[in-house]
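**Q** Provided below: data31.cif, containing mmCIF, C-alpha atoms and all ligand atoms.
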```
data_upload
#
loop_
_atom_site.group_PDB
_atom_site.id
_atom_site.type_symbol
_atom_site.label_atom_id
_atom_site.label_comp_id
_atom_site.auth_asym_id
_atom_site.auth_seq_id
_atom_site.Cartn_x
_atom_site.Cartn_y
_atom_site.Cartn_z
ATOM 1 C CA MET A 1 12.315 -15.152 -6.076
ATOM 2 C CA LYS A 2 12.611 -12.076 -3.893
ATOM 3 C CA ILE A 3 9.577 -10.289 -2.425
ATOM 4 C CA ALA A 4 9.564 -6.715 -1.103
ATOM 5 C CA LEU A 5 7.237 -6.075 1.837
ATOM 6 C CA LEU A 6 6.690 -2.362 2.151
ATOM 7 C CA GLY A 7 4.895 -0.075 4.591
ATOM 8 C CA ALA A 8 4.982 3.680 5.070
ATOM 9 C CA MET A 9 5.277 3.810 8.861
ATOM 10 C CA SER A 10 7.166 1.695 11.395
ATOM 11 C CA GLU A 11 3.823 0.541 12.857
ATOM 12 C CA GLU A 12 2.913 -0.940 9.455
ATOM 13 C CA ILE A 13 5.947 -3.232 9.270
ATOM 14 C CA ALA A 14 6.361 -3.959 13.017
ATOM 15 C CA PRO A 15 4.149 -7.103 12.825
ATOM 16 C CA LEU A 16 6.261 -8.353 9.889
ATOM 17 C CA LEU A 17 9.554 -7.828 11.745
ATOM 18 C CA LYS A 18 8.046 -9.703 14.690
ATOM 19 C CA PHE A 19 6.968 -12.649 12.523
ATOM 20 C CA PHE A 20 10.026 -13.239 10.312
ATOM 21 C CA LYS A 21 13.204 -14.657 11.870
ATOM 22 C CA ASP A 22 16.972 -14.215 11.265
ATOM 23 C CA ILE A 23 16.733 -10.701 9.922
ATOM 24 C CA LYS A 24 19.798 -8.971 8.482
ATOM 25 C CA THR A 25 19.734 -5.174 8.599
ATOM 26 C CA THR A 26 21.207 -2.952 5.876
ATOM 27 C CA LYS A 27 21.306 0.846 5.965
ATOM 28 C CA TYR A 28 21.029 2.516 2.575
ATOM 29 C CA ALA A 29 20.026 6.004 1.376
ATOM 30 C CA SER A 30 18.966 7.133 4.854
ATOM 31 C CA ASN A 31 16.718 4.145 5.411
ATOM 32 C CA THR A 32 16.870 0.634 6.872
ATOM 33 C CA TYR A 33 16.179 -2.540 4.900
ATOM 34 C CA TYR A 34 15.486 -5.852 6.651
ATOM 35 C CA GLU A 35 16.442 -8.984 4.702
ATOM 36 C CA THR A 36 15.223 -12.444 5.578
ATOM 37 C CA SER A 37 14.148 -15.709 4.024
ATOM 38 C CA HIS A 38 10.959 -17.696 4.617
ATOM 39 C CA ASN A 39 10.147 -21.148 3.198
ATOM 40 C CA GLY A 40 12.832 -20.682 0.533
ATOM 41 C CA THR A 41 11.674 -17.223 -0.526
ATOM 42 C CA ASP A 42 13.903 -14.181 -0.059
ATOM 43 C CA ILE A 43 12.178 -11.201 1.518
ATOM 44 C CA VAL A 44 13.181 -7.555 1.981
ATOM 45 C CA ILE A 45 11.112 -5.479 4.413
ATOM 46 C CA ALA A 46 11.165 -1.681 4.716
ATOM 47 C CA TYR A 47 9.058 1.272 5.683
ATOM 48 C CA SER A 48 9.496 4.263 3.435
ATOM 49 C CA LYS A 49 8.321 7.143 5.653
ATOM 50 C CA ILE A 50 5.074 8.878 4.800
ATOM 51 C CA GLY A 51 4.178 10.261 1.385
ATOM 52 C CA LYS A 52 4.650 9.888 -2.347
ATOM 53 C CA VAL A 53 8.305 10.928 -2.629
ATOM 54 C CA PHE A 54 9.678 8.727 0.157
ATOM 55 C CA SER A 55 7.601 5.751 -0.976
ATOM 56 C CA ALA A 56 8.730 6.131 -4.607
ATOM 57 C CA LEU A 57 12.361 6.324 -3.461
ATOM 58 C CA THR A 58 12.113 3.214 -1.270
ATOM 59 C CA THR A 59 10.294 1.248 -3.965
ATOM 60 C CA THR A 60 12.973 2.128 -6.510
ATOM 61 C CA ILE A 61 15.703 0.966 -4.114
ATOM 62 C CA LEU A 62 13.833 -2.285 -3.367
ATOM 63 C CA ILE A 63 13.699 -3.006 -7.089
ATOM 64 C CA GLU A 64 17.029 -1.627 -8.332
ATOM 65 C CA LYS A 65 19.396 -2.321 -5.427
ATOM 66 C CA PHE A 66 17.751 -5.293 -3.706
ATOM 67 C CA ARG A 67 16.450 -6.798 -7.005
ATOM 68 C CA CYS A 68 12.957 -7.586 -5.669
ATOM 69 C CA ASP A 69 10.638 -9.276 -8.177
ATOM 70 C CA MET A 70 7.385 -7.985 -6.691
ATOM 71 C CA VAL A 71 6.262 -5.395 -4.155
ATOM 72 C CA LEU A 72 3.574 -6.110 -1.575
ATOM 73 C CA PHE A 73 2.438 -3.014 0.331
ATOM 74 C CA SER A 74 0.693 -3.296 3.679
ATOM 75 C CA GLY A 75 -0.748 -0.518 5.817
ATOM 76 C CA VAL A 76 -3.761 1.586 6.682
ATOM 77 C CA ALA A 77 -6.087 3.866 4.725
ATOM 78 C CA GLY A 78 -8.909 6.311 5.239
ATOM 79 C CA ALA A 79 -12.367 5.384 3.943
ATOM 80 C CA ILE A 80 -14.191 7.476 1.355
ATOM 81 C CA SER A 81 -16.869 4.944 0.480
ATOM 82 C CA PRO A 82 -19.598 4.751 3.137
ATOM 83 C CA SER A 83 -19.544 0.979 2.666
ATOM 84 C CA LEU A 84 -16.089 0.814 4.294
ATOM 85 C CA GLN A 85 -15.787 0.696 8.093
ATOM 86 C CA ILE A 86 -12.804 1.050 10.397
ATOM 87 C CA GLY A 87 -11.088 -2.366 10.543
ATOM 88 C CA ASP A 88 -12.174 -3.486 7.052
ATOM 89 C CA ILE A 89 -9.379 -4.866 4.871
ATOM 90 C CA THR A 90 -9.067 -3.660 1.282
ATOM 91 C CA VAL A 91 -7.056 -4.548 -1.789
ATOM 92 C CA ALA A 92 -6.517 -1.908 -4.474
ATOM 93 C CA THR A 93 -7.537 -2.769 -8.018
ATOM 94 C CA LYS A 94 -6.312 0.616 -9.257
ATOM 95 C CA THR A 95 -4.593 3.714 -7.927
ATOM 96 C CA ALA A 96 -4.575 7.415 -8.775
ATOM 97 C CA GLN A 97 -2.896 10.579 -7.478
ATOM 98 C CA HIS A 98 -5.612 12.961 -6.279
ATOM 99 C CA ASP A 99 -3.198 15.884 -5.730
ATOM 100 C CA LEU A 100 -1.653 15.791 -9.205
ATOM 101 C CA ASP A 101 -3.154 18.891 -10.783
ATOM 102 C CA ILE A 102 -2.331 20.604 -14.069
ATOM 103 C CA THR A 103 -5.977 21.392 -14.761
ATOM 104 C CA ALA A 104 -4.815 24.960 -15.570
ATOM 105 C CA PHE A 105 -3.664 23.487 -18.913
ATOM 106 C CA GLY A 106 -6.966 21.795 -19.638
ATOM 107 C CA HIS A 107 -5.977 18.344 -18.384
ATOM 108 C CA ASP A 108 -8.145 16.145 -16.192
ATOM 109 C CA VAL A 109 -7.219 16.196 -12.498
ATOM 110 C CA GLY A 110 -4.788 13.354 -11.716
ATOM 111 C CA PHE A 111 -3.437 13.281 -15.265
ATOM 112 C CA VAL A 112 -0.099 14.415 -16.670
ATOM 113 C CA PRO A 113 1.026 13.909 -20.295
ATOM 114 C CA GLU A 114 2.589 10.470 -20.906
ATOM 115 C CA GLY A 115 1.109 9.235 -17.637
ATOM 116 C CA SER A 116 -2.385 7.908 -16.930
ATOM 117 C CA LYS A 117 -5.022 8.982 -14.433
ATOM 118 C CA PHE A 118 -5.336 5.416 -13.077
ATOM 119 C CA ILE A 119 -2.877 2.525 -12.855
ATOM 120 C CA ASP A 120 -4.377 -0.974 -12.785
ATOM 121 C CA LEU A 121 -2.664 -3.231 -10.285
ATOM 122 C CA ASP A 122 -1.553 -6.823 -10.842
ATOM 123 C CA LYS A 123 -4.549 -9.084 -11.388
ATOM 124 C CA SER A 124 -2.833 -12.329 -10.372
ATOM 125 C CA LEU A 125 -1.673 -10.869 -7.021
ATOM 126 C CA ILE A 126 -5.208 -9.561 -6.383
ATOM 127 C CA ASP A 127 -6.547 -13.055 -7.159
ATOM 128 C CA ILE A 128 -4.075 -14.676 -4.741
ATOM 129 C CA ALA A 129 -5.005 -12.142 -2.019
ATOM 130 C CA THR A 130 -8.700 -12.817 -2.636
ATOM 131 C CA THR A 131 -8.246 -16.593 -2.389
ATOM 132 C CA VAL A 132 -6.075 -16.388 0.748
ATOM 133 C CA ALA A 133 -8.578 -14.038 2.415
ATOM 134 C CA LYS A 134 -11.446 -16.401 1.600
ATOM 135 C CA VAL A 135 -9.624 -19.448 2.986
ATOM 136 C CA ASN A 136 -8.981 -17.498 6.198
ATOM 137 C CA ASN A 137 -12.579 -16.237 6.468
ATOM 138 C CA ILE A 138 -11.523 -12.631 5.951
ATOM 139 C CA THR A 139 -13.693 -10.268 3.916
ATOM 140 C CA LEU A 140 -11.383 -8.496 1.469
ATOM 141 C CA LYS A 141 -12.934 -5.513 -0.302
ATOM 142 C CA LYS A 142 -11.706 -4.493 -3.756
ATOM 143 C CA VAL A 143 -11.219 -0.728 -3.927
ATOM 144 C CA THR A 144 -10.002 2.181 -6.015
ATOM 145 C CA VAL A 145 -7.323 4.003 -4.038
ATOM 146 C CA ALA A 146 -6.572 7.721 -4.360
ATOM 147 C CA THR A 147 -3.150 8.795 -3.120
ATOM 148 C CA GLY A 148 -1.891 12.254 -2.199
ATOM 149 C CA ASP A 149 0.545 14.077 0.048
ATOM 150 C CA GLN A 150 -2.249 15.096 2.403
ATOM 151 C CA PHE A 151 -3.840 13.506 5.436
ATOM 152 C CA ILE A 152 -7.542 13.984 4.664
ATOM 153 C CA ALA A 153 -9.706 14.994 7.600
ATOM 154 C CA ASN A 154 -12.504 17.018 6.056
ATOM 155 C CA ASP A 155 -15.676 16.311 4.128
ATOM 156 C CA LYS A 156 -15.042 18.863 1.388
ATOM 157 C CA ARG A 157 -11.769 17.271 0.192
ATOM 158 C CA LYS A 158 -13.303 13.813 0.631
ATOM 159 C CA GLU A 159 -16.155 14.811 -1.674
ATOM 160 C CA PHE A 160 -13.689 16.228 -4.242
ATOM 161 C CA ILE A 161 -11.749 12.935 -4.338
ATOM 162 C CA LYS A 162 -14.937 10.890 -4.523
ATOM 163 C CA GLU A 163 -16.286 12.965 -7.383
ATOM 164 C CA ASN A 164 -13.084 13.168 -9.433
ATOM 165 C CA PHE A 165 -11.672 9.673 -8.892
ATOM 166 C CA LYS A 166 -14.636 7.560 -7.719
ATOM 167 C CA ALA A 167 -12.177 6.433 -5.050
ATOM 168 C CA ASP A 168 -13.215 4.188 -2.172
ATOM 169 C CA ALA A 169 -10.138 4.731 -0.001
ATOM 170 C CA ILE A 170 -7.372 7.284 0.379
ATOM 171 C CA GLU A 171 -3.821 7.046 1.556
ATOM 172 C CA MET A 172 -0.443 8.634 0.877
ATOM 173 C CA GLU A 173 1.742 6.065 -0.943
ATOM 174 C CA GLY A 174 -0.111 3.547 -3.145
ATOM 175 C CA GLY A 175 -0.278 5.789 -6.215
ATOM 176 C CA SER A 176 3.426 6.655 -6.167
ATOM 177 C CA VAL A 177 4.549 3.073 -5.498
ATOM 178 C CA ALA A 178 2.307 2.062 -8.417
ATOM 179 C CA VAL A 179 4.007 4.569 -10.761
ATOM 180 C CA VAL A 180 7.423 3.059 -9.961
ATOM 181 C CA CYS A 181 6.278 -0.574 -10.188
ATOM 182 C CA HIS A 182 4.331 0.038 -13.400
ATOM 183 C CA SER A 183 7.304 1.821 -15.007
ATOM 184 C CA MET A 184 9.665 -1.018 -14.026
ATOM 185 C CA GLY A 185 7.282 -3.857 -14.925
ATOM 186 C CA VAL A 186 7.197 -5.130 -11.335
ATOM 187 C CA PRO A 187 3.897 -6.533 -9.983
ATOM 188 C CA LEU A 188 2.406 -4.665 -7.021
ATOM 189 C CA LEU A 189 -0.184 -5.523 -4.383
ATOM 190 C CA VAL A 190 -1.619 -2.772 -2.158
ATOM 191 C CA LEU A 191 -3.307 -4.117 0.950
ATOM 192 C CA ARG A 192 -4.778 -1.606 3.424
ATOM 193 C CA SER A 193 -6.944 -1.847 6.498
ATOM 194 C CA ILE A 194 -9.216 1.109 7.267
ATOM 195 C CA SER A 195 -8.054 3.274 10.200
ATOM 196 C CA ASP A 196 -10.466 6.234 9.855
ATOM 197 C CA THR A 197 -13.162 7.715 7.665
ATOM 198 C CA ALA A 198 -11.259 10.861 6.597
ATOM 199 C CA ASP A 199 -13.712 13.166 8.383
ATOM 200 C CA MET A 200 -13.166 15.615 11.231
ATOM 201 C CA ASP A 201 -12.486 12.707 13.634
ATOM 202 C CA ALA A 202 -9.862 11.187 11.322
ATOM 203 C CA GLY A 203 -6.805 12.344 13.275
ATOM 204 C CA PHE A 204 -8.167 10.910 16.502
ATOM 205 C CA ASP A 205 -9.352 7.654 14.860
ATOM 206 C CA PHE A 206 -6.050 7.219 13.015
ATOM 207 C CA ASP A 207 -4.068 7.367 16.273
ATOM 208 C CA LYS A 208 -6.535 5.028 17.954
ATOM 209 C CA PHE A 209 -6.744 2.395 15.192
ATOM 210 C CA LEU A 210 -3.335 2.592 13.435
ATOM 211 C CA SER A 211 -1.788 -0.299 15.331
ATOM 212 C CA THR A 212 -4.746 -2.734 15.198
ATOM 213 C CA SER A 213 -5.571 -1.969 11.557
ATOM 214 C CA ALA A 214 -1.888 -2.233 10.532
ATOM 215 C CA LYS A 215 -1.699 -5.605 12.302
ATOM 216 C CA ALA A 216 -4.787 -6.917 10.497
ATOM 217 C CA SER A 217 -3.328 -5.973 7.126
ATOM 218 C CA ALA A 218 0.130 -7.419 7.959
ATOM 219 C CA LYS A 219 -1.373 -10.678 9.210
ATOM 220 C CA LEU A 220 -3.162 -11.239 5.913
ATOM 221 C CA LEU A 221 -0.023 -10.184 4.025
ATOM 222 C CA ILE A 222 2.050 -12.893 5.760
ATOM 223 C CA ARG A 223 -0.457 -15.525 4.616
ATOM 224 C CA ILE A 224 -0.298 -14.131 1.091
ATOM 225 C CA VAL A 225 3.522 -14.326 1.151
ATOM 226 C CA GLU A 226 3.298 -17.973 2.246
ATOM 227 C CA GLU A 227 0.876 -18.746 -0.598
ATOM 228 C CA ILE A 228 3.055 -16.999 -3.193
ATOM 229 C CA SER A 229 6.145 -18.899 -1.929
ATOM 230 C CA LYS A 230 4.249 -22.189 -2.253
ATOM 231 C CA GLU A 231 2.935 -21.426 -5.742
ATOM 232 C CA ARG A 232 6.134 -20.083 -7.262
ATOM 233 C CA GLN A 233 8.657 -22.663 -6.043
HETATM 234 N N1 LIG A 301 -4.127 7.026 5.745
HETATM 235 C C1 LIG A 301 -4.993 6.640 6.696
HETATM 236 N N2 LIG A 301 -5.972 7.540 6.854
HETATM 237 C C2 LIG A 301 -5.730 8.539 5.985
HETATM 238 C C3 LIG A 301 -6.371 9.762 5.686
HETATM 239 N N3 LIG A 301 -7.474 10.134 6.321
HETATM 240 N N4 LIG A 301 -5.830 10.557 4.727
HETATM 241 C C4 LIG A 301 -4.703 10.169 4.086
HETATM 242 N N5 LIG A 301 -4.040 9.031 4.343
HETATM 243 C C5 LIG A 301 -4.550 8.214 5.281
#
```
Will you turn the file into structure tokens for me?
Ligand code: ADE
**A**
Amino acid sequence: MKIALLGAMSEEIAPLLKFFKDIKTTKYASNTYYETSHNGTDIVIAYSKIGKVFSALTTTILIEKFRCDMVLFSGVAGAISPSLQIGDITVATKTAQHDLDITAFGHDVGFVPEGSKFIDLDKSLIDIATTVAKVNNITLKKVTVATGDQFIANDKRKEFIKENFKADAIEMEGGSVAVVCHSMGVPLLVLRSISDTADMDAGFDFDKFLSTSAKASAKLLIRIVEEISKERQ
């Protein structure tokens, strides 16, 4: 079995590169892929760069070139739901693309023909994440994630996303990675720790909390990888 561990930014995979040993580096399609093995499980780590296009490209390469059997995303997100605080760890139950808009043709926002507004993520990976979090005394909150090629730092756009998608958290890659994984029949987990609340302080909070929130998410991800390796051997 081969597991892809994906982030969007170098800070999101730095804790993974620190943890795993004997890493082989491969350059491909203007990006770097880090291959290793842990407890008999092959692992490929990469960060895609920010946004839907780069993350879709990297996910496709992880599946098609590196032949990964599942994709586990780790990183940070902005909170929409007032019940989420900076530092909380979330797992996505479904994703959407909040900036996908052909409403001019009478379609619902986030919907294009032959697609779907929401993609449900893999239930068994969510269950494993939930169990591992519980064993480690970590509160893991199940959320709907809205993805778009925008860093959200204003209440008006936040309200729009909340109203149209009932989203709890926002980020810039989950929805596009989900489209690729869903199309290819590859299970996906999206784990995100909250770095900001997408308001006017979001830019400042993001810079302040990126590293600690990314670490919290990556730490839980490593435990999830160890559990998956144990279960699927
Ligand atoms: N990722 C983390 N915080 C975010 C925000 N406020 N908007 C979009 N993506 C984010």
**Q** Between A:Ser176, A:Asn137, A:Asn154, A:Thr130, which one has atoms that come closest to ligand LIG 301 (chain A), using all atoms listed in the file?
**A**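 Using all atoms listed in the file, the shortest distance to ligand LIG 301 (chain A) belongs to A:Asn154.
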**Q** Counting only C-alpha atoms, find residues at most 9 Å from (1.5, 7.0, -7.2) (file frame) and give them as a list in words.
**A**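 These residues have at least one counted atom within 9 Å: Lys52, Ser55, Ala56, Thr95, Ala96, Gln97, Ile119, Ala146, Thr147, Gly148, Met172, Glu173, Gly174, Gly175, Ser176, Val177, Ala178, Val179 and Val180 of chain A.
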**Q** Selection in question (the file shown): the PyMOL selection byres (((not hetatm)) within 8 of (chain A and resi 301)). Which residues does it include, as a VMD selection string?
**A** chain A and resid 76 to 79 147 to 153 170 to 172 194 to 199 202 to 203 206
**Q** Run the PyMOL selection byres (((chain A and resi 29) around 12) and not hetatm) mentally over the shown coordinates, then write out the matched residues as a short mmCIF file (atom, residue, chain, number, x, y, z; two decimals) with C-alpha atoms, in the frame of the given file, using the chain letters and numbers from the document.
**A**
```cif
data_model
loop_
_atom_site.label_atom_id
_atom_site.label_comp_id
_atom_site.auth_asym_id
_atom_site.auth_seq_id
_atom_site.Cartn_x
_atom_site.Cartn_y
_atom_site.Cartn_z
CA THR A 26 21.21 -2.95 5.88
CA LYS A 27 21.31 0.85 5.96
CA TYR A 28 21.03 2.52 2.58
CA SER A 30 18.97 7.13 4.85
CA ASN A 31 16.72 4.14 5.41
CA THR A 32 16.87 0.63 6.87
CA TYR A 33 16.18 -2.54 4.90
CA SER A 48 9.50 4.26 3.44
CA PHE A 54 9.68 8.73 0.16
CA LEU A 57 12.36 6.32 -3.46
CA THR A 58 12.11 3.21 -1.27
CA THR A 60 12.97 2.13 -6.51
CA ILE A 61 15.70 0.97 -4.11
CA LEU A 62 13.83 -2.28 -3.37
CA LYS A 65 19.40 -2.32 -5.43
#
```
**Q** Specify as JSON, numbers by chain each residue included when the PyMOL selection byres (((chain A and resi 3-19) around 8) and not hetatm) is applied to this file.
**A** {"A": [1, 2, 20, 21, 23, 41, 42, 43, 44, 45, 46, 47, 48, 49, 50, 51, 55, 59, 62, 68, 69, 70, 71, 72, 73, 74, 75, 76, 173, 210, 211, 214, 215, 218, 219, 222]}
